[in-house]
Amino acid sequence: EIESLARRVAAAGHTVVADPAVADWAIANTCTVTHVADKKSRQLIRQLHRANPAMRIAVIGCYGEMSPAEAAQLAGVALVVPNRAKDEVLERLLALCAGAPGEPPVGPPPLPHTRALVKIQDGCDNRCSYCIVGIARGPQRSRPPEDVLAEVRRRLAEGYRELVLTGVNIGAYGRDSAADGPLPP
């Protein structure tokens with residue numbers, strides 16, 4: 001998800017940087033599968049804020065979904081986006097900084113690796129008693145095969161040499177027949 005989001009940020013004319021000290025915004029994709037994951041999500045947000053107190057942080061992912069008020073109270077957090085709207089985070093972030101000084105600088109899209117991740121599925125219908133993923137991510141949703149193939153072709157055209165298919169439960173891919181519509185790329 002973050003790799004795909006980084007491509008969208010670059011395509012929108014902004015620079016993705018590795019060093020939070022020079023960033024105007026950070027997007028923290030969080031987890032909540034265990035209390036340890038919650039703790040690591042909070043630590044990540046705090047580390048980002050310490051690295052650059054002026055930077056604004058957008059929180060996405062399951063921790064932000066399950067504990068939005070707690071996430072919003074963390075220093076530096078300017079935006080918490082629920083999972084159902086995760087694909088809108090860039091638009092929401094840009095709307096917050098429209099016309100504001102210090103917008104992200106324009107630059108070319110990065111191609112840091114030879115391996116690209118292609119998300120083909122999200123959510124889970126298993127309802128394991130010990131797991132919160134089905135609640136945080138919602139029901140099983142598969143991307144239509146034609147959308148997956150189109151993204152694979154785009155990644156190959158961008159120069160990636162290896163593609164990894166990802167999802168919450170890719171063994172369930174297609175069981176829902178993509179009934180809920182396509183996932184965001």
# chains A, B, ... in the order shown; residues from 1 in each chain; ligands from 1

$ select_by_dssp --residues "stretch 7-64 of chain A" --states "helix (DSSP H, G or I)" --output "PyMOL selection string"
chain A and resi 7-11+20-22+35-51+62-64

$ residues_around --residues "A:Arg161" --least-positions-apart "6" --cutoff "9 Å" --atoms "only C-alpha atoms" --output "list in words"
Thr114, Arg115, Ala116 and Arg155 of chain A

$ residues_around --residues "A:Gln140" --least-positions-apart "5" --cutoff "10 Å" --atoms "only C-alpha atoms" --output "list in words"
Gln121, Asp122, Gly123, Cys124, Asp125, Asn126, Gly134, Gly167, Val168, Asn169, Ile170, Ala172, Tyr173, Gly174, Arg175, Asp176, Ser177, Ala178, Ala179 and Asp180 of chain A

$ atom_distance --atom1 "atom CA of A:Ala58" --atom2 "atom CA of A:Gln43"
14.4 Å

$ residues_around --residues "A:Ile2" --least-positions-apart "3" --cutoff "9 Å" --atoms "only C-alpha atoms" --output "PyMOL selection string"
chain A and resi 5-7+27-29

$ residues_around --residues "A:Trp25" --least-positions-apart "6" --cutoff "8 Å" --atoms "only C-alpha atoms" --output "ChimeraX atom specification"
/A:55-58,104

$ closest_residue --among "A:Ile45, A:Val9, A:Ala54, A:Ala37" --to "A:Ala21" --atoms "only C-alpha atoms"
A:Ala54

$ atom_distance --atom1 "atom CA of A:Ser67" --atom2 "atom CA of A:Ala12"
29.6 Å

$ closest_residue --among "A:Cys128, A:Leu48, A:Ile120, A:Val164" --to "A:Glu146" --atoms "only C-alpha atoms"
A:Ile120

$ closest_residue --among "A:Pro144, A:Ala71, A:Val118, A:Leu96" --to "A:Leu156" --atoms "only C-alpha atoms"
A:Val118
